[in-house]
>>> print(open('start-v4.cif').read())   # mmCIF, C-alpha atoms, pLDDT in the B column; chains and numbers go by the auth columns
data_work
#
loop_
_atom_site.group_PDB
_atom_site.id
_atom_site.type_symbol
_atom_site.label_atom_id
_atom_site.label_comp_id
_atom_site.label_asym_id
_atom_site.label_seq_id
_atom_site.Cartn_x
_atom_site.Cartn_y
_atom_site.Cartn_z
_atom_site.B_iso_or_equiv
_atom_site.auth_seq_id
_atom_site.auth_asym_id
ATOM 1 C CA MET A 1 112.286 98.196 120.934 50.00 21 A
ATOM 2 C CA GLU A 2 109.572 95.733 119.886 60.00 22 A
ATOM 3 C CA ALA A 3 110.147 93.134 117.200 82.00 23 A
ATOM 4 C CA VAL A 4 108.027 93.400 114.068 90.00 24 A
ATOM 5 C CA SER A 5 105.379 90.724 113.567 94.00 25 A
ATOM 6 C CA THR A 6 102.169 90.250 111.622 96.00 26 A
ATOM 7 C CA ARG A 7 99.112 88.059 112.043 97.00 27 A
ATOM 8 C CA LEU A 8 97.794 86.523 108.856 97.00 28 A
ATOM 9 C CA ARG A 9 94.427 84.888 108.149 98.00 29 A
ATOM 10 C CA LEU A 10 94.497 81.775 105.976 98.00 30 A
ATOM 11 C CA ARG A 11 91.970 79.534 104.248 97.00 31 A
ATOM 12 C CA VAL A 12 93.630 76.119 103.870 97.00 32 A
ATOM 13 C CA SER A 13 92.802 73.274 101.483 96.00 33 A
ATOM 14 C CA PRO A 14 94.587 70.102 102.654 96.00 34 A
ATOM 15 C CA GLY A 15 95.117 67.000 100.513 95.00 35 A
ATOM 16 C CA ALA A 16 95.884 68.916 97.305 95.00 36 A
ATOM 17 C CA ARG A 17 98.197 67.679 94.558 95.00 37 A
ATOM 18 C CA SER A 18 100.817 70.253 95.483 94.00 38 A
ATOM 19 C CA ALA A 19 101.494 73.006 97.987 95.00 39 A
ATOM 20 C CA GLU A 20 100.906 76.539 96.745 96.00 40 A
ATOM 21 C CA VAL A 21 99.792 80.033 97.618 97.00 41 A
ATOM 22 C CA LEU A 22 96.691 80.679 95.495 96.00 42 A
ATOM 23 C CA GLY A 23 95.835 84.295 96.305 95.00 43 A
ATOM 24 C CA ARG A 24 93.282 86.287 98.232 93.00 44 A
ATOM 25 C CA HIS A 25 90.124 84.726 99.686 90.00 45 A
ATOM 26 C CA GLY A 26 88.213 87.655 101.174 92.00 46 A
ATOM 27 C CA GLU A 27 90.363 89.014 103.984 94.00 47 A
ATOM 28 C CA ALA A 28 92.416 85.815 104.120 97.00 48 A
ATOM 29 C CA TRP A 29 94.990 84.177 101.859 97.00 49 A
ATOM 30 C CA LYS A 30 94.071 80.851 100.279 97.00 50 A
ATOM 31 C CA VAL A 31 96.730 78.134 100.336 97.00 51 A
ATOM 32 C CA ARG A 32 96.813 74.473 99.377 97.00 52 A
ATOM 33 C CA VAL A 33 98.971 71.785 100.929 97.00 53 A
ATOM 34 C CA ALA A 34 99.483 68.185 99.880 97.00 54 A
ATOM 35 C CA ALA A 35 99.469 66.835 103.437 96.00 55 A
ATOM 36 C CA PRO A 36 96.188 65.392 104.723 94.00 56 A
ATOM 37 C CA ALA A 37 94.301 67.022 107.597 90.00 57 A
ATOM 38 C CA GLU A 38 95.222 64.382 110.159 90.00 58 A
ATOM 39 C CA ALA A 39 97.557 64.365 113.152 90.00 59 A
ATOM 40 C CA GLY A 40 98.639 67.970 112.498 92.00 60 A
ATOM 41 C CA ARG A 41 100.333 67.114 109.212 95.00 61 A
ATOM 42 C CA ALA A 42 98.473 69.776 107.208 96.00 62 A
ATOM 43 C CA ASN A 43 99.240 72.402 109.857 97.00 63 A
ATOM 44 C CA GLU A 44 102.946 71.624 109.674 97.00 64 A
ATOM 45 C CA ALA A 45 102.799 71.749 105.862 97.00 65 A
ATOM 46 C CA VAL A 46 101.143 75.188 106.025 98.00 66 A
ATOM 47 C CA VAL A 47 103.887 76.485 108.314 97.00 67 A
ATOM 48 C CA ARG A 48 106.601 75.127 105.985 97.00 68 A
ATOM 49 C CA LEU A 49 104.877 76.570 102.899 98.00 69 A
ATOM 50 C CA LEU A 50 104.593 80.031 104.453 97.00 70 A
ATOM 51 C CA ALA A 51 108.155 79.991 105.747 97.00 71 A
ATOM 52 C CA ASP A 52 109.372 79.138 102.246 97.00 72 A
ATOM 53 C CA ALA A 53 107.081 81.614 100.427 96.00 73 A
ATOM 54 C CA LEU A 54 107.976 84.440 102.815 97.00 74 A
ATOM 55 C CA SER A 55 111.707 83.623 103.082 96.00 75 A
ATOM 56 C CA LEU A 56 111.445 83.187 106.837 96.00 76 A
ATOM 57 C CA PRO A 57 112.982 80.592 109.138 97.00 77 A
ATOM 58 C CA ARG A 58 110.530 77.854 110.152 96.00 78 A
ATOM 59 C CA ASP A 59 110.416 79.025 113.760 96.00 79 A
ATOM 60 C CA ALA A 60 109.305 82.547 112.684 97.00 80 A
ATOM 61 C CA VAL A 61 105.910 81.124 111.637 98.00 81 A
ATOM 62 C CA THR A 62 103.548 80.129 114.458 97.00 82 A
ATOM 63 C CA LEU A 63 100.032 78.754 114.168 97.00 83 A
ATOM 64 C CA VAL A 64 97.934 80.864 116.564 97.00 84 A
ATOM 65 C CA SER A 65 94.446 79.456 115.979 97.00 85 A
ATOM 66 C CA GLY A 66 92.523 77.032 113.785 95.00 86 A
ATOM 67 C CA ARG A 67 94.449 73.825 114.430 94.00 87 A
ATOM 68 C CA GLY A 68 91.477 71.666 113.424 93.00 88 A
ATOM 69 C CA ALA A 69 89.833 74.075 110.980 95.00 89 A
ATOM 70 C CA ARG A 70 90.320 75.279 107.421 95.00 90 A
ATOM 71 C CA ASP A 71 90.444 78.899 108.615 97.00 91 A
ATOM 72 C CA LYS A 72 93.654 79.599 110.493 98.00 92 A
ATOM 73 C CA ILE A 73 95.617 82.516 111.899 98.00 93 A
ATOM 74 C CA VAL A 74 99.412 82.486 111.888 98.00 94 A
ATOM 75 C CA GLN A 75 101.894 84.833 113.530 98.00 95 A
ATOM 76 C CA LEU A 76 104.839 85.867 111.339 97.00 96 A
ATOM 77 C CA ALA A 77 107.885 87.216 113.167 96.00 97 A
ATOM 78 C CA GLY A 78 110.207 89.629 111.408 94.00 98 A
ATOM 79 C CA LEU A 79 107.877 91.000 108.710 95.00 99 A
ATOM 80 C CA ASP A 80 105.370 93.840 108.654 95.00 100 A
ATOM 81 C CA SER A 81 102.032 93.520 106.860 94.00 101 A
ATOM 82 C CA THR A 82 103.260 95.335 103.725 94.00 102 A
ATOM 83 C CA GLN A 83 106.179 92.931 103.328 95.00 103 A
ATOM 84 C CA VAL A 84 103.895 89.930 103.890 96.00 104 A
ATOM 85 C CA GLU A 85 101.396 91.101 101.243 95.00 105 A
ATOM 86 C CA ARG A 86 104.147 91.770 98.706 95.00 106 A
ATOM 87 C CA ARG A 87 105.854 88.407 99.220 96.00 107 A
ATOM 88 C CA LEU A 88 102.612 86.397 99.145 96.00 108 A
ATOM 89 C CA SER A 89 101.490 88.206 95.991 95.00 109 A
ATOM 90 C CA THR A 90 104.799 87.284 94.384 94.00 110 A
ATOM 91 C CA ALA A 91 104.468 83.667 95.551 94.00 111 A
ATOM 92 C CA ALA A 92 100.915 83.449 94.207 93.00 112 A
ATOM 93 C CA GLY A 93 102.080 84.780 90.842 88.00 113 A
ATOM 94 C CA LYS A 94 104.906 82.218 90.613 70.00 114 A
ATOM 95 C CA ASP A 95 102.537 79.325 91.218 55.00 115 A
ATOM 96 C CA ARG A 96 100.365 80.200 88.251 50.00 116 A
#
>>> encode(input="start-v4.cif", output="structure tokens")
Amino acid sequence: MEAVSTRLRLRVSPGARSAEVLGRHGEAWKVRVAAPAEAGRANEAVVRLLADALSLPRDAVTLVSGRGARDKIVQLAGLDSTQVERRLSTAAGKDR
């Protein structure tokens, strides 16, 4: 039996005042992280933010593409797309 996983498109704004899930940005989710976009620090902050927002262990979130770009794709192990959408919507609502 195959493990459940989902790929998620992100639009990332590094160097923000705080880390938060903002909501939808076209087909992607928009997130902000406080870490600057240097030496992979913003990428690591994105992974931590998503793991926290989705109640996943850190190693269940993998950056697949976009290491040096604002548009990224992450792989989320253990959640289907419906669960991901529901949890991110909840996280975006909490941040407001």
>>> resolve_selection(input="start-v4.cif", expression="the PyMOL selection byres ((chain A and resi 98) around 7)", output="ChimeraX atom specification")
/A:23-25,96-97,99-100
>>> write_last_selection(input="start-v4.cif", atoms="C-alpha atoms", output="short mmCIF file (atom, residue, chain, number, x, y, z; two decimals), in the coordinates of the input")
data_model
loop_
_atom_site.label_atom_id
_atom_site.label_comp_id
_atom_site.auth_asym_id
_atom_site.auth_seq_id
_atom_site.Cartn_x
_atom_site.Cartn_y
_atom_site.Cartn_z
CA ALA A 23 110.15 93.13 117.20
CA VAL A 24 108.03 93.40 114.07
CA SER A 25 105.38 90.72 113.57
CA LEU A 96 104.84 85.87 111.34
CA ALA A 97 107.88 87.22 113.17
CA LEU A 99 107.88 91.00 108.71
CA ASP A 100 105.37 93.84 108.65
#
>>> residues_around(input="start-v4.cif", residues="range 54-71 of chain A", least_positions_apart="5", cutoff="12 Å", atoms="all atoms listed in the file", output="PDB file with C-alpha atoms, in the frame of the given file")
ATOM      1  CA  LEU A  28      97.794  86.523 108.856  1.00 97.00           C
ATOM      2  CA  ARG A  29      94.427  84.888 108.149  1.00 98.00           C
ATOM      3  CA  LEU A  30      94.497  81.775 105.976  1.00 98.00           C
ATOM      4  CA  ARG A  31      91.970  79.534 104.248  1.00 97.00           C
ATOM      5  CA  VAL A  32      93.630  76.119 103.870  1.00 97.00           C
ATOM      6  CA  SER A  33      92.802  73.274 101.483  1.00 96.00           C
ATOM      7  CA  PRO A  34      94.587  70.102 102.654  1.00 96.00           C
ATOM      8  CA  GLY A  35      95.117  67.000 100.513  1.00 95.00           C
ATOM      9  CA  ALA A  36      95.884  68.916  97.305  1.00 95.00           C
ATOM     10  CA  ARG A  37      98.197  67.679  94.558  1.00 95.00           C
ATOM     11  CA  SER A  38     100.817  70.253  95.483  1.00 94.00           C
ATOM     12  CA  ALA A  39     101.494  73.006  97.987  1.00 95.00           C
ATOM     13  CA  GLU A  40     100.906  76.539  96.745  1.00 96.00           C
ATOM     14  CA  VAL A  41      99.792  80.033  97.618  1.00 97.00           C
ATOM     15  CA  LEU A  42      96.691  80.679  95.495  1.00 96.00           C
ATOM     16  CA  TRP A  49      94.990  84.177 101.859  1.00 97.00           C
ATOM     17  CA  LEU A  76     111.445  83.187 106.837  1.00 96.00           C
ATOM     18  CA  PRO A  77     112.982  80.592 109.138  1.00 97.00           C
ATOM     19  CA  ARG A  78     110.530  77.854 110.152  1.00 96.00           C
ATOM     20  CA  ASP A  79     110.416  79.025 113.760  1.00 96.00           C
ATOM     21  CA  ALA A  80     109.305  82.547 112.684  1.00 97.00           C
ATOM     22  CA  VAL A  81     105.910  81.124 111.637  1.00 98.00           C
ATOM     23  CA  THR A  82     103.548  80.129 114.458  1.00 97.00           C
ATOM     24  CA  LEU A  83     100.032  78.754 114.168  1.00 97.00           C
ATOM     25  CA  VAL A  84      97.934  80.864 116.564  1.00 97.00           C
ATOM     26  CA  SER A  85      94.446  79.456 115.979  1.00 97.00           C
ATOM     27  CA  GLY A  86      92.523  77.032 113.785  1.00 95.00           C
ATOM     28  CA  ARG A  87      94.449  73.825 114.430  1.00 94.00           C
ATOM     29  CA  GLY A  88      91.477  71.666 113.424  1.00 93.00           C
ATOM     30  CA  ALA A  89      89.833  74.075 110.980  1.00 95.00           C
ATOM     31  CA  ARG A  90      90.320  75.279 107.421  1.00 95.00           C
ATOM     32  CA  ASP A  91      90.444  78.899 108.615  1.00 97.00           C
ATOM     33  CA  LYS A  92      93.654  79.599 110.493  1.00 98.00           C
ATOM     34  CA  ILE A  93      95.617  82.516 111.899  1.00 98.00           C
ATOM     35  CA  VAL A  94      99.412  82.486 111.888  1.00 98.00           C
ATOM     36  CA  GLN A  95     101.894  84.833 113.530  1.00 98.00           C
ATOM     37  CA  LEU A  96     104.839  85.867 111.339  1.00 97.00           C
ATOM     38  CA  ALA A  97     107.885  87.216 113.167  1.00 96.00           C
ATOM     39  CA  GLY A  98     110.207  89.629 111.408  1.00 94.00           C
ATOM     40  CA  LEU A  99     107.877  91.000 108.710  1.00 95.00           C
ATOM     41  CA  VAL A 104     103.895  89.930 103.890  1.00 96.00           C
ATOM     42  CA  GLU A 105     101.396  91.101 101.243  1.00 95.00           C
ATOM     43  CA  ARG A 107     105.854  88.407  99.220  1.00 96.00           C
ATOM     44  CA  LEU A 108     102.612  86.397  99.145  1.00 96.00           C
ATOM     45  CA  ALA A 111     104.468  83.667  95.551  1.00 94.00           C
ATOM     46  CA  ALA A 112     100.915  83.449  94.207  1.00 93.00           C
TER      47      ALA A 112
END
>>> atom_distance(input="start-v4.cif", atom1="CA of Thr102 in chain A", atom2="CA of Arg52 in chain A")
22.3 Å
>>> closest_residue(input="start-v4.cif", among="A:Gly43, A:Asp72, A:Thr26, A:Val51", to="Gln103 in chain A", atoms="all atoms listed in the file")
A:Thr26
>>> decode(input="start-v4.cif", residues="range 94-110 of chain A", atoms="all heavy atoms", output="compact mmCIF listing (two decimals), in the first residue's frame")
# COMPACT_ATOMS: atom_id res chain seq x y z
N VAL A 94 6.46 21.99 -2.37
CA VAL A 94 6.84 21.12 -1.26
C VAL A 94 6.03 19.83 -1.33
O VAL A 94 4.90 19.81 -1.81
CB VAL A 94 6.64 21.80 0.12
CG1 VAL A 94 7.59 22.95 0.31
CG2 VAL A 94 5.21 22.24 0.31
N GLN A 95 6.64 18.77 -0.85
CA GLN A 95 6.00 17.46 -0.74
C GLN A 95 5.63 17.27 0.72
O GLN A 95 6.46 17.47 1.61
CB GLN A 95 6.98 16.36 -1.19
CG GLN A 95 6.40 14.98 -1.16
CD GLN A 95 5.62 14.67 -2.41
OE1 GLN A 95 5.88 15.25 -3.47
NE2 GLN A 95 4.67 13.78 -2.31
N LEU A 96 4.37 16.90 0.97
CA LEU A 96 3.86 16.71 2.32
C LEU A 96 3.48 15.24 2.50
O LEU A 96 2.54 14.77 1.84
CB LEU A 96 2.64 17.60 2.56
CG LEU A 96 2.84 19.08 2.24
CD1 LEU A 96 1.52 19.81 2.23
CD2 LEU A 96 3.80 19.70 3.24
N ALA A 97 4.19 14.53 3.34
CA ALA A 97 3.93 13.12 3.57
C ALA A 97 2.88 12.95 4.67
O ALA A 97 2.93 13.63 5.70
CB ALA A 97 5.21 12.41 3.96
N GLY A 98 1.92 12.07 4.42
CA GLY A 98 0.95 11.74 5.46
C GLY A 98 -0.37 12.47 5.37
O GLY A 98 -1.27 12.20 6.17
N LEU A 99 -0.54 13.38 4.42
CA LEU A 99 -1.79 14.11 4.27
C LEU A 99 -2.25 14.09 2.82
O LEU A 99 -1.42 14.21 1.92
CB LEU A 99 -1.64 15.58 4.69
CG LEU A 99 -1.34 15.90 6.13
CD1 LEU A 99 -1.15 17.40 6.30
CD2 LEU A 99 -2.45 15.41 7.04
N ASP A 100 -3.57 13.98 2.62
CA ASP A 100 -4.09 14.12 1.26
C ASP A 100 -4.42 15.58 1.01
O ASP A 100 -4.38 16.41 1.92
CB ASP A 100 -5.29 13.20 1.01
CG ASP A 100 -6.50 13.52 1.87
OD1 ASP A 100 -6.74 14.71 2.20
OD2 ASP A 100 -7.25 12.58 2.19
N SER A 101 -4.75 15.92 -0.23
CA SER A 101 -4.95 17.33 -0.59
C SER A 101 -6.11 17.97 0.16
O SER A 101 -6.05 19.16 0.50
CB SER A 101 -5.14 17.47 -2.10
OG SER A 101 -6.27 16.73 -2.52
N THR A 102 -7.15 17.22 0.47
CA THR A 102 -8.30 17.76 1.22
C THR A 102 -7.87 18.16 2.63
O THR A 102 -8.23 19.24 3.11
CB THR A 102 -9.44 16.73 1.28
OG1 THR A 102 -9.81 16.37 -0.06
CG2 THR A 102 -10.65 17.29 2.01
N GLN A 103 -7.11 17.30 3.27
CA GLN A 103 -6.62 17.60 4.62
C GLN A 103 -5.70 18.81 4.61
O GLN A 103 -5.78 19.67 5.50
CB GLN A 103 -5.86 16.40 5.20
CG GLN A 103 -6.73 15.21 5.47
CD GLN A 103 -5.90 13.98 5.79
OE1 GLN A 103 -4.97 13.64 5.06
NE2 GLN A 103 -6.22 13.33 6.88
N VAL A 104 -4.83 18.91 3.61
CA VAL A 104 -3.91 20.04 3.50
C VAL A 104 -4.69 21.34 3.35
O VAL A 104 -4.44 22.33 4.06
CB VAL A 104 -2.93 19.85 2.32
CG1 VAL A 104 -2.14 21.12 2.05
CG2 VAL A 104 -1.99 18.69 2.58
N GLU A 105 -5.67 21.37 2.44
CA GLU A 105 -6.47 22.58 2.22
C GLU A 105 -7.20 23.00 3.50
O GLU A 105 -7.22 24.18 3.85
CB GLU A 105 -7.47 22.35 1.09
CG GLU A 105 -6.84 22.20 -0.27
CD GLU A 105 -6.15 23.47 -0.76
OE1 GLU A 105 -6.68 24.58 -0.56
OE2 GLU A 105 -5.05 23.34 -1.33
N ARG A 106 -7.79 22.05 4.18
CA ARG A 106 -8.53 22.35 5.41
C ARG A 106 -7.61 22.93 6.48
O ARG A 106 -7.92 23.94 7.11
CB ARG A 106 -9.22 21.09 5.93
CG ARG A 106 -10.16 21.35 7.08
CD ARG A 106 -10.91 20.12 7.56
NE ARG A 106 -11.36 19.25 6.49
CZ ARG A 106 -10.99 17.96 6.35
NH1 ARG A 106 -10.16 17.42 7.22
NH2 ARG A 106 -11.45 17.24 5.36
N ARG A 107 -6.47 22.31 6.68
CA ARG A 107 -5.55 22.76 7.73
C ARG A 107 -4.92 24.12 7.40
O ARG A 107 -4.76 24.96 8.29
CB ARG A 107 -4.46 21.72 7.98
CG ARG A 107 -5.01 20.47 8.63
CD ARG A 107 -3.93 19.47 8.91
NE ARG A 107 -4.50 18.21 9.39
CZ ARG A 107 -3.78 17.21 9.83
NH1 ARG A 107 -2.46 17.29 9.86
NH2 ARG A 107 -4.37 16.11 10.24
N LEU A 108 -4.58 24.35 6.13
CA LEU A 108 -4.02 25.65 5.77
C LEU A 108 -5.07 26.75 5.85
O LEU A 108 -4.76 27.87 6.26
CB LEU A 108 -3.41 25.59 4.36
CG LEU A 108 -2.09 24.85 4.25
CD1 LEU A 108 -1.61 24.80 2.81
CD2 LEU A 108 -1.02 25.45 5.16
N SER A 109 -6.31 26.44 5.50
CA SER A 109 -7.38 27.43 5.64
C SER A 109 -7.57 27.81 7.10
O SER A 109 -7.76 28.98 7.42
CB SER A 109 -8.70 26.88 5.08
OG SER A 109 -8.62 26.72 3.69
N THR A 110 -7.52 26.82 7.97
CA THR A 110 -7.62 27.08 9.41
C THR A 110 -6.44 27.93 9.89
O THR A 110 -6.61 28.89 10.62
CB THR A 110 -7.68 25.76 10.19
OG1 THR A 110 -8.82 25.03 9.76
CG2 THR A 110 -7.74 26.00 11.68
